[in-house]
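Structure file model.tsv (TSV, C-alpha atoms and all ligand atoms) follows.
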```
chain	number	residue	atom	x	y	z
A	1	MET	CA	-30.45	-42.26	-9.66
A	2	THR	CA	-33.86	-40.86	-8.74
A	3	ALA	CA	-34.16	-37.10	-8.94
A	4	THR	CA	-35.20	-34.95	-6.01
A	5	THR	CA	-38.52	-33.31	-6.86
A	6	ILE	CA	-38.26	-29.54	-6.52
A	7	ASP	CA	-41.32	-28.50	-4.54
A	8	GLY	CA	-42.46	-25.17	-5.99
A	9	ARG	CA	-45.58	-25.14	-3.86
A	10	ALA	CA	-43.61	-25.30	-0.60
A	11	VAL	CA	-41.05	-22.68	-1.67
A	12	SER	CA	-43.74	-20.33	-2.98
A	13	GLN	CA	-45.63	-20.71	0.29
A	14	LYS	CA	-42.57	-19.53	2.23
A	15	ILE	CA	-42.15	-16.53	-0.04
A	16	LYS	CA	-45.83	-15.66	0.26
A	17	GLU	CA	-45.62	-15.80	4.06
A	18	GLN	CA	-42.81	-13.22	3.93
A	19	VAL	CA	-44.84	-11.08	1.52
A	20	LYS	CA	-47.83	-11.28	3.87
A	21	MET	CA	-45.75	-9.88	6.73
A	22	ARG	CA	-44.58	-7.03	4.50
A	23	VAL	CA	-48.23	-6.33	3.57
A	24	GLU	CA	-49.11	-6.14	7.27
A	25	ARG	CA	-46.29	-3.66	7.92
A	26	LEU	CA	-47.47	-1.51	5.00
A	27	LYS	CA	-51.02	-1.56	6.32
A	28	GLU	CA	-49.76	-0.23	9.67
A	29	GLN	CA	-48.48	2.74	7.66
A	30	GLY	CA	-51.83	3.17	5.92
A	31	VAL	CA	-50.86	1.57	2.60
A	32	ILE	CA	-52.66	-1.38	1.03
A	33	PRO	CA	-50.61	-2.81	-1.85
A	34	GLY	CA	-52.80	-2.85	-4.96
A	35	LEU	CA	-52.44	-4.87	-8.16
A	36	ALA	CA	-54.47	-4.07	-11.27
A	37	VAL	CA	-54.86	-7.00	-13.64
A	38	VAL	CA	-56.06	-6.27	-17.15
A	39	LEU	CA	-57.57	-9.15	-19.08
A	40	VAL	CA	-58.71	-8.82	-22.70
A	41	GLY	CA	-60.63	-11.54	-24.52
A	42	GLU	CA	-61.65	-15.10	-23.75
A	43	ASP	CA	-58.39	-17.11	-23.75
A	44	SER	CA	-59.15	-19.81	-21.19
A	45	ALA	CA	-55.55	-20.27	-19.97
A	46	SER	CA	-55.33	-16.50	-19.39
A	47	HIS	CA	-58.58	-16.58	-17.40
A	48	THR	CA	-57.18	-19.35	-15.18
A	49	TYR	CA	-53.87	-17.51	-14.62
A	50	VAL	CA	-55.67	-14.28	-13.77
A	51	LYS	CA	-58.05	-16.01	-11.34
A	52	ASN	CA	-55.07	-17.52	-9.50
A	53	LYS	CA	-53.27	-14.17	-9.34
A	54	LYS	CA	-56.36	-12.49	-7.88
A	55	LYS	CA	-56.90	-15.27	-5.33
A	56	SER	CA	-53.27	-15.00	-4.16
A	57	CYS	CA	-53.51	-11.22	-3.75
A	58	GLU	CA	-56.57	-11.59	-1.59
A	59	ALA	CA	-55.02	-14.35	0.53
A	60	LEU	CA	-52.09	-12.04	1.32
A	61	GLY	CA	-54.30	-9.08	2.23
A	62	MET	CA	-53.55	-7.10	-0.94
A	63	ARG	CA	-56.03	-5.33	-3.13
A	64	SER	CA	-56.57	-6.71	-6.62
A	65	ASP	CA	-58.72	-5.04	-9.26
A	66	LEU	CA	-59.64	-7.01	-12.34
A	67	HIS	CA	-60.27	-4.97	-15.49
A	68	GLN	CA	-61.89	-7.34	-17.92
A	69	PHE	CA	-62.67	-6.43	-21.54
A	70	PRO	CA	-64.12	-8.20	-24.61
A	71	ASP	CA	-61.72	-9.08	-27.44
A	72	THR	CA	-63.18	-6.20	-29.49
A	73	LEU	CA	-61.40	-3.69	-27.23
A	74	THR	CA	-59.40	-1.12	-29.22
A	75	GLU	CA	-55.77	-0.28	-28.60
A	76	ALA	CA	-56.75	3.32	-27.73
A	77	GLU	CA	-59.21	2.11	-25.10
A	78	LEU	CA	-56.60	-0.15	-23.52
A	79	LEU	CA	-53.97	2.62	-23.53
A	80	SER	CA	-56.40	4.96	-21.82
A	81	THR	CA	-57.13	2.33	-19.11
A	82	ILE	CA	-53.39	2.00	-18.51
A	83	GLU	CA	-53.04	5.76	-18.24
A	84	GLU	CA	-55.74	5.81	-15.55
A	85	LEU	CA	-54.00	3.01	-13.64
A	86	ASN	CA	-50.63	4.78	-13.94
A	87	ASN	CA	-52.22	7.79	-12.23
A	88	ASP	CA	-54.10	5.86	-9.55
A	89	PRO	CA	-52.19	6.13	-6.23
A	90	GLN	CA	-53.99	3.04	-4.85
A	91	ILE	CA	-52.47	0.89	-7.59
A	92	HIS	CA	-48.84	-0.20	-7.18
A	93	GLY	CA	-48.66	-2.87	-9.86
A	94	ILE	CA	-50.15	-3.13	-13.35
A	95	LEU	CA	-50.27	-6.46	-15.15
A	96	VAL	CA	-51.70	-6.78	-18.64
A	97	GLN	CA	-52.23	-10.47	-19.27
A	98	LEU	CA	-50.66	-11.62	-22.54
A	99	PRO	CA	-51.40	-12.56	-25.27
A	100	LEU	CA	-53.55	-9.66	-26.48
A	101	PRO	CA	-55.95	-9.75	-29.47
A	102	ALA	CA	-54.37	-9.06	-32.87
A	103	GLN	CA	-55.65	-5.47	-33.23
A	104	ILE	CA	-53.63	-4.42	-30.17
A	105	ASP	CA	-49.87	-3.84	-30.38
A	106	GLU	CA	-48.41	-5.61	-27.35
A	107	PHE	CA	-45.24	-3.55	-27.38
A	108	LYS	CA	-47.14	-0.23	-27.33
A	109	VAL	CA	-49.12	-1.48	-24.35
A	110	ILE	CA	-46.03	-2.57	-22.42
A	111	LEU	CA	-44.37	0.80	-23.19
A	112	ALA	CA	-47.40	2.63	-21.77
A	113	ILE	CA	-47.05	1.05	-18.31
A	114	ASP	CA	-45.26	3.25	-15.78
A	115	PRO	CA	-41.96	1.40	-15.13
A	116	ALA	CA	-42.48	2.09	-11.40
A	117	LYS	CA	-45.60	-0.13	-11.59
A	118	ASP	CA	-44.20	-2.69	-14.05
A	119	VAL	CA	-44.50	-5.71	-11.77
A	120	ASP	CA	-44.26	-8.09	-14.77
A	121	GLY	CA	-40.81	-6.66	-15.59
A	122	PHE	CA	-41.64	-6.44	-19.32
A	123	HIS	CA	-41.03	-2.70	-19.92
A	124	PRO	CA	-37.81	-2.01	-21.86
A	125	ILE	CA	-36.56	0.06	-18.89
A	126	SER	CA	-37.02	-2.94	-16.58
A	127	VAL	CA	-35.46	-5.29	-19.15
A	128	GLY	CA	-32.51	-2.92	-19.65
A	129	ASN	CA	-31.88	-2.55	-15.93
A	130	MET	CA	-32.04	-6.32	-15.51
A	131	MET	CA	-29.56	-6.80	-18.37
A	132	ILE	CA	-26.98	-4.51	-16.76
A	133	GLY	CA	-27.60	-5.94	-13.30
A	134	LYS	CA	-29.24	-2.82	-11.86
A	135	GLU	CA	-32.26	-2.79	-9.59
A	136	ALA	CA	-35.39	-3.69	-11.55
A	137	PHE	CA	-38.62	-5.58	-11.31
A	138	LEU	CA	-37.57	-8.99	-12.55
A	139	PRO	CA	-39.95	-10.99	-14.75
A	140	CYS	CA	-41.81	-13.36	-12.46
A	141	THR	CA	-41.19	-16.79	-13.99
A	142	PRO	CA	-37.41	-16.37	-14.50
A	143	HIS	CA	-37.07	-14.82	-11.04
A	144	GLY	CA	-39.08	-17.70	-9.57
A	145	ILE	CA	-36.75	-20.22	-11.23
A	146	MET	CA	-33.70	-18.51	-9.71
A	147	LYS	CA	-35.37	-18.58	-6.27
A	148	LEU	CA	-36.04	-22.32	-6.62
A	149	LEU	CA	-32.38	-22.98	-7.40
A	150	GLU	CA	-31.31	-20.83	-4.45
A	151	HIS	CA	-33.66	-22.68	-2.13
A	152	TYR	CA	-32.17	-26.04	-3.12
A	153	ASP	CA	-28.59	-24.69	-2.86
A	154	ILE	CA	-27.98	-25.12	-6.57
A	155	ASN	CA	-25.39	-22.54	-7.53
A	156	PRO	CA	-25.28	-21.79	-11.29
A	157	ALA	CA	-21.69	-20.43	-11.10
A	158	GLY	CA	-19.46	-22.23	-13.57
A	159	LYS	CA	-22.28	-24.51	-14.68
A	160	HIS	CA	-23.44	-24.88	-18.24
A	161	THR	CA	-27.09	-23.75	-18.39
A	162	VAL	CA	-29.00	-24.61	-21.55
A	163	VAL	CA	-32.25	-22.71	-22.09
A	164	ILE	CA	-34.74	-24.03	-24.63
A	165	GLY	CA	-36.98	-21.16	-25.74
A	166	ARG	CA	-36.24	-17.51	-26.49
A	167	SER	CA	-39.43	-15.69	-25.46
A	168	ASN	CA	-39.21	-12.27	-23.83
A	169	ILE	CA	-41.24	-13.61	-20.90
A	170	VAL	CA	-39.15	-16.66	-19.97
A	171	GLY	CA	-36.32	-17.85	-22.24
A	172	LYS	CA	-34.31	-14.67	-22.82
A	173	PRO	CA	-34.53	-13.31	-19.25
A	174	VAL	CA	-33.85	-16.61	-17.49
A	175	GLY	CA	-30.64	-16.96	-19.51
A	176	GLN	CA	-29.61	-13.44	-18.45
A	177	LEU	CA	-30.29	-14.12	-14.78
A	178	MET	CA	-28.24	-17.33	-15.03
A	179	LEU	CA	-25.41	-15.36	-16.66
A	180	GLN	CA	-25.48	-12.89	-13.77
A	181	LYS	CA	-25.00	-15.85	-11.47
A	182	ASP	CA	-21.88	-16.78	-13.49
A	183	ALA	CA	-23.35	-19.66	-15.47
A	184	THR	CA	-22.21	-20.35	-19.03
A	185	VAL	CA	-25.40	-20.02	-21.05
A	186	THR	CA	-26.55	-21.57	-24.32
A	187	TYR	CA	-29.89	-20.66	-25.90
A	188	CYS	CA	-31.70	-23.24	-28.03
A	189	HIS	CA	-34.96	-22.61	-29.91
A	190	SER	CA	-37.26	-23.89	-32.63
A	191	LYS	CA	-34.58	-23.47	-35.33
A	192	THR	CA	-31.83	-25.25	-33.37
A	193	THR	CA	-30.56	-28.30	-35.24
A	194	ASP	CA	-29.92	-31.40	-33.14
A	195	LEU	CA	-31.41	-30.04	-29.93
A	196	ALA	CA	-30.37	-33.08	-27.88
A	197	SER	CA	-26.68	-32.54	-28.72
A	198	PHE	CA	-26.92	-29.23	-26.81
A	199	THR	CA	-29.20	-30.29	-23.98
A	200	ARG	CA	-26.98	-33.30	-23.21
A	201	GLN	CA	-24.24	-30.80	-22.29
A	202	ALA	CA	-26.43	-29.02	-19.74
A	203	ASP	CA	-25.69	-29.07	-16.02
A	204	ILE	CA	-28.88	-27.02	-15.67
A	205	LEU	CA	-31.57	-27.39	-18.33
A	206	VAL	CA	-34.49	-24.95	-18.51
A	207	SER	CA	-37.20	-26.00	-20.92
A	208	ALA	CA	-39.76	-23.44	-22.08
A	209	ILE	CA	-40.87	-24.81	-25.43
A	210	GLY	CA	-44.50	-25.80	-24.95
A	211	ARG	CA	-44.35	-29.36	-26.33
A	212	ALA	CA	-45.86	-32.05	-24.11
A	213	LYS	CA	-43.26	-34.50	-22.73
A	214	LEU	CA	-40.78	-33.85	-25.56
A	215	ILE	CA	-37.78	-34.02	-23.22
A	216	ASP	CA	-36.96	-37.59	-22.21
A	217	GLN	CA	-33.79	-39.17	-20.82
A	218	SER	CA	-32.08	-39.03	-24.21
A	219	PHE	CA	-31.85	-35.21	-23.83
A	220	ILE	CA	-30.35	-35.27	-20.33
A	221	LYS	CA	-26.82	-35.50	-18.96
A	222	PRO	CA	-26.81	-37.77	-15.88
A	223	GLY	CA	-27.08	-35.65	-12.73
A	224	ALA	CA	-28.44	-32.55	-14.47
A	225	VAL	CA	-30.88	-30.14	-12.81
A	226	VAL	CA	-34.01	-29.92	-14.97
A	227	ILE	CA	-36.45	-27.01	-14.76
A	228	ASP	CA	-39.68	-27.52	-16.66
A	229	VAL	CA	-41.55	-24.33	-17.60
A	230	GLY	CA	-43.95	-26.08	-19.99
A	231	MET	CA	-47.72	-25.90	-19.45
A	232	ASN	CA	-49.18	-28.38	-21.90
A	233	ARG	CA	-51.99	-30.90	-22.13
A	234	ASP	CA	-51.13	-34.56	-22.68
A	235	GLU	CA	-53.09	-36.98	-24.89
A	236	ASN	CA	-55.70	-37.35	-22.11
A	237	GLY	CA	-56.09	-33.59	-21.63
A	238	LYS	CA	-54.12	-33.66	-18.38
A	239	LEU	CA	-51.77	-30.76	-17.53
A	240	CYS	CA	-48.13	-31.69	-18.17
A	241	GLY	CA	-44.79	-30.06	-18.82
A	242	ASP	CA	-42.22	-30.24	-21.63
A	243	VAL	CA	-40.42	-32.98	-19.70
A	244	ASP	CA	-41.40	-36.64	-19.38
A	245	PHE	CA	-41.18	-36.56	-15.60
A	246	ALA	CA	-41.15	-40.30	-14.88
A	247	ASP	CA	-38.46	-40.96	-17.48
A	248	VAL	CA	-36.18	-37.98	-16.74
A	249	SER	CA	-36.38	-38.51	-12.97
A	250	GLN	CA	-34.28	-41.66	-13.55
A	251	THR	CA	-31.38	-39.53	-14.84
A	252	ALA	CA	-31.63	-35.99	-13.43
A	253	SER	CA	-30.50	-34.96	-9.93
A	254	PHE	CA	-33.26	-32.36	-9.40
A	255	LEU	CA	-36.46	-31.94	-11.37
A	256	THR	CA	-39.48	-29.63	-11.20
A	257	PRO	CA	-42.93	-31.23	-11.58
A	258	VAL	CA	-45.84	-29.79	-13.58
A	259	PRO	CA	-48.02	-28.77	-11.89
A	260	GLY	CA	-46.41	-27.73	-8.60
A	261	GLY	CA	-42.98	-26.61	-9.82
A	262	VAL	CA	-42.36	-23.31	-11.56
A	263	GLY	CA	-46.05	-22.24	-11.81
A	264	PRO	CA	-46.65	-21.38	-8.15
A	265	MET	CA	-43.34	-19.47	-8.07
A	266	THR	CA	-44.49	-17.14	-10.85
A	267	ILE	CA	-47.41	-15.99	-8.72
A	268	ALA	CA	-45.30	-15.65	-5.57
A	269	MET	CA	-42.81	-13.41	-7.39
A	270	LEU	CA	-45.65	-11.27	-8.74
A	271	MET	CA	-46.89	-10.78	-5.18
A	272	GLU	CA	-43.35	-9.89	-4.08
A	273	ASN	CA	-42.93	-7.35	-6.89
A	274	THR	CA	-46.26	-5.72	-6.01
A	275	VAL	CA	-45.41	-5.35	-2.33
A	276	GLN	CA	-41.95	-4.06	-3.32
A	277	SER	CA	-43.56	-1.42	-5.52
A	278	ALA	CA	-45.80	-0.31	-2.63
A	279	GLU	CA	-42.75	-0.08	-0.35
A	280	ASN	CA	-40.86	1.93	-2.99
A	281	GLY	CA	-43.75	4.43	-2.93
A	282	LEU	CA	-43.05	5.14	0.76
A	283	GLN	CA	-39.39	6.01	0.21
B	301	LIG	N1	-48.87	-14.65	-20.18
B	301	LIG	C1	-48.15	-15.76	-19.89
B	301	LIG	N2	-47.32	-15.53	-18.86
B	301	LIG	C2	-47.52	-14.24	-18.50
B	301	LIG	C3	-46.95	-13.42	-17.48
B	301	LIG	O1	-46.08	-13.81	-16.69
B	301	LIG	N3	-47.43	-12.15	-17.42
B	301	LIG	C4	-48.36	-11.68	-18.29
B	301	LIG	N4	-48.74	-10.42	-18.17
B	301	LIG	N5	-48.90	-12.41	-19.23
B	301	LIG	C5	-48.48	-13.69	-19.34
```
Before we go any further, please render this structure as structure tokens.
Amino acid sequence: MTATTIDGRAVSQKIKEQVKMRVERLKEQGVIPGLAVVLVGEDSASHTYVKNKKKSCEALGMRSDLHQFPDTLTEAELLSTIEELNNDPQIHGILVQLPLPAQIDEFKVILAIDPAKDVDGFHPISVGNMMIGKEAFLPCTPHGIMKLLEHYDINPAGKHTVVIGRSNIVGKPVGQLMLQKDATVTYCHSKTTDLASFTRQADILVSAIGRAKLIDQSFIKPGAVVIDVGMNRDENGKLCGDVDFADVSQTASFLTPVPGGVGPMTIAMLMENTVQSAENGLQ
């Protein structure tokens, strides 16, 4: 069997086209959706992510303001920036790029963001609403994964989904969204013993561990759907996922590549959340 490659670039393009039309309708009503991105420090991956987010906003006709600070920024200074953005009617979404420098308490920062502008879906109010299946901004990567499955007509209902990773950004929420779609969910993580014994039971495997090409055929049940959230560098410095693509594509039925799988979906869902927030402001 050779797996079908899930084309995240194509699906994200479709979503962005729909977002662009919604932006145009908002502009007719005098509203330009605005995203504020806050970047602290010099982390090079964060700089790349932020650049891509800004570029996408501009391509869709949205406003994007970058607030960039040195890694000496104090927590009080960051909280006061967030307060200003909360009160700025031109800004509909606030995204503070993580990780933050050690002197800043990430949780305090997330708590300070107005939930109505929480386009990352990280505020406890957003997380709580997501958990109980109420309307909420969904975290972008998990939401993007669910959209990919939907696009390829992969229905999680009754399937065993195994998630590797338990971060608040990806692992925990993607398991919850799968559960809401009636999957049976198992979480694995760094302390799981005999990881492969779990992953081999997965109809849908989501890997968010951050270890280059760890997942080979020996972890995969034949015919499984494999979603690779990893963003790693291989021995030659080339971008790669958690999954050994060439090897696993011999066994899986569907497989996301890195790059070009989950990554572009994260940005598309951020754009969608921002335009949704602007629309909510009109109601
Ligand atoms: N760092 C890694 N992924 C993300 C994300 O989706 N949002 C934010 N704010 N920071 C991140």
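Using only C-alpha atoms for every distance, the candidate list A:Lys27, A:Lys16, A:Lys221, A:His143 yields A:His143 as the residue closest to Gly171 in chain A.
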(request) All residues within 8 Å of ligand LIG 301 (chain B) are required, counting only C-alpha atoms and all ligand atoms; please report them as a PyMOL selection string. (result) chain A and resi 46+49+95-99+120+139-141+169+266
(request) Please provide the set of residues having any atom within 12 Å of range 235-247 of chain A, restricted to all atoms listed in the file, with same-chain residues fewer than 2 positions apart removed, written as number ranges by chain. (result) A: 1-6, 45, 164-165, 205-220, 226-233, 249-252, 254-263
If you keep C-alpha atoms, can you produce a file of those selected residues as a short mmCIF file (atom, residue, chain, number, x, y, z; two decimals), in the frame of the given file?
```cif
data_model
loop_
_atom_site.label_atom_id
_atom_site.label_comp_id
_atom_site.auth_asym_id
_atom_site.auth_seq_id
_atom_site.Cartn_x
_atom_site.Cartn_y
_atom_site.Cartn_z
CA MET A 1 -30.45 -42.26 -9.66
CA THR A 2 -33.86 -40.86 -8.74
CA ALA A 3 -34.16 -37.10 -8.94
CA THR A 4 -35.20 -34.95 -6.01
CA THR A 5 -38.52 -33.31 -6.86
CA ILE A 6 -38.26 -29.54 -6.52
CA ALA A 45 -55.55 -20.27 -19.97
CA ILE A 164 -34.74 -24.03 -24.63
CA GLY A 165 -36.98 -21.16 -25.74
CA LEU A 205 -31.57 -27.39 -18.33
CA VAL A 206 -34.49 -24.95 -18.51
CA SER A 207 -37.20 -26.00 -20.92
CA ALA A 208 -39.76 -23.44 -22.08
CA ILE A 209 -40.87 -24.81 -25.43
CA GLY A 210 -44.50 -25.80 -24.95
CA ARG A 211 -44.35 -29.36 -26.33
CA ALA A 212 -45.86 -32.05 -24.11
CA LYS A 213 -43.26 -34.50 -22.73
CA LEU A 214 -40.78 -33.85 -25.56
CA ILE A 215 -37.78 -34.02 -23.22
CA ASP A 216 -36.96 -37.59 -22.21
CA GLN A 217 -33.79 -39.17 -20.82
CA SER A 218 -32.08 -39.03 -24.21
CA PHE A 219 -31.85 -35.21 -23.83
CA ILE A 220 -30.35 -35.27 -20.33
CA VAL A 226 -34.01 -29.92 -14.97
CA ILE A 227 -36.45 -27.01 -14.76
CA ASP A 228 -39.68 -27.52 -16.66
CA VAL A 229 -41.55 -24.33 -17.60
CA GLY A 230 -43.95 -26.08 -19.99
CA MET A 231 -47.72 -25.90 -19.45
CA ASN A 232 -49.18 -28.38 -21.90
CA ARG A 233 -51.99 -30.90 -22.13
CA SER A 249 -36.38 -38.51 -12.97
CA GLN A 250 -34.28 -41.66 -13.55
CA THR A 251 -31.38 -39.53 -14.84
CA ALA A 252 -31.63 -35.99 -13.43
CA PHE A 254 -33.26 -32.36 -9.40
CA LEU A 255 -36.46 -31.94 -11.37
CA THR A 256 -39.48 -29.63 -11.20
CA PRO A 257 -42.93 -31.23 -11.58
CA VAL A 258 -45.84 -29.79 -13.58
CA PRO A 259 -48.02 -28.77 -11.89
CA GLY A 260 -46.41 -27.73 -8.60
CA GLY A 261 -42.98 -26.61 -9.82
CA VAL A 262 -42.36 -23.31 -11.56
CA GLY A 263 -46.05 -22.24 -11.81
#
```
(request) Would you list the residues near (-25.5, -32.6, -16.7) (no more than 9 Å away, in the coordinates of the file, using all atoms listed in the file) as number ranges by chain? (result) A: 159-160, 199-205, 220-225, 252-253
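Using all atoms listed in the file, the shortest contact distance between Leu85 in chain A and any of A:Pro101, A:Val275, A:Leu35, A:Lys53 is found at A:Leu35.
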(message) Env of Glu17 in chain A: 10 Å cut, atoms = only C-alpha atoms, seq-sep filter 5 positions within chain, self excluded. Answer as JSON, numbers by chain.
(response) {"A": [12, 22, 23, 60, 268]}
(message) So the first atom is CA of Tyr152 in chain A and the second is CA of Asn273 in chain A; what is the distance between them in Å, to one decimal place?
(response)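 One can read the CA of Tyr152 in chain A to CA of Asn273 in chain A distance as 21.9 Å.
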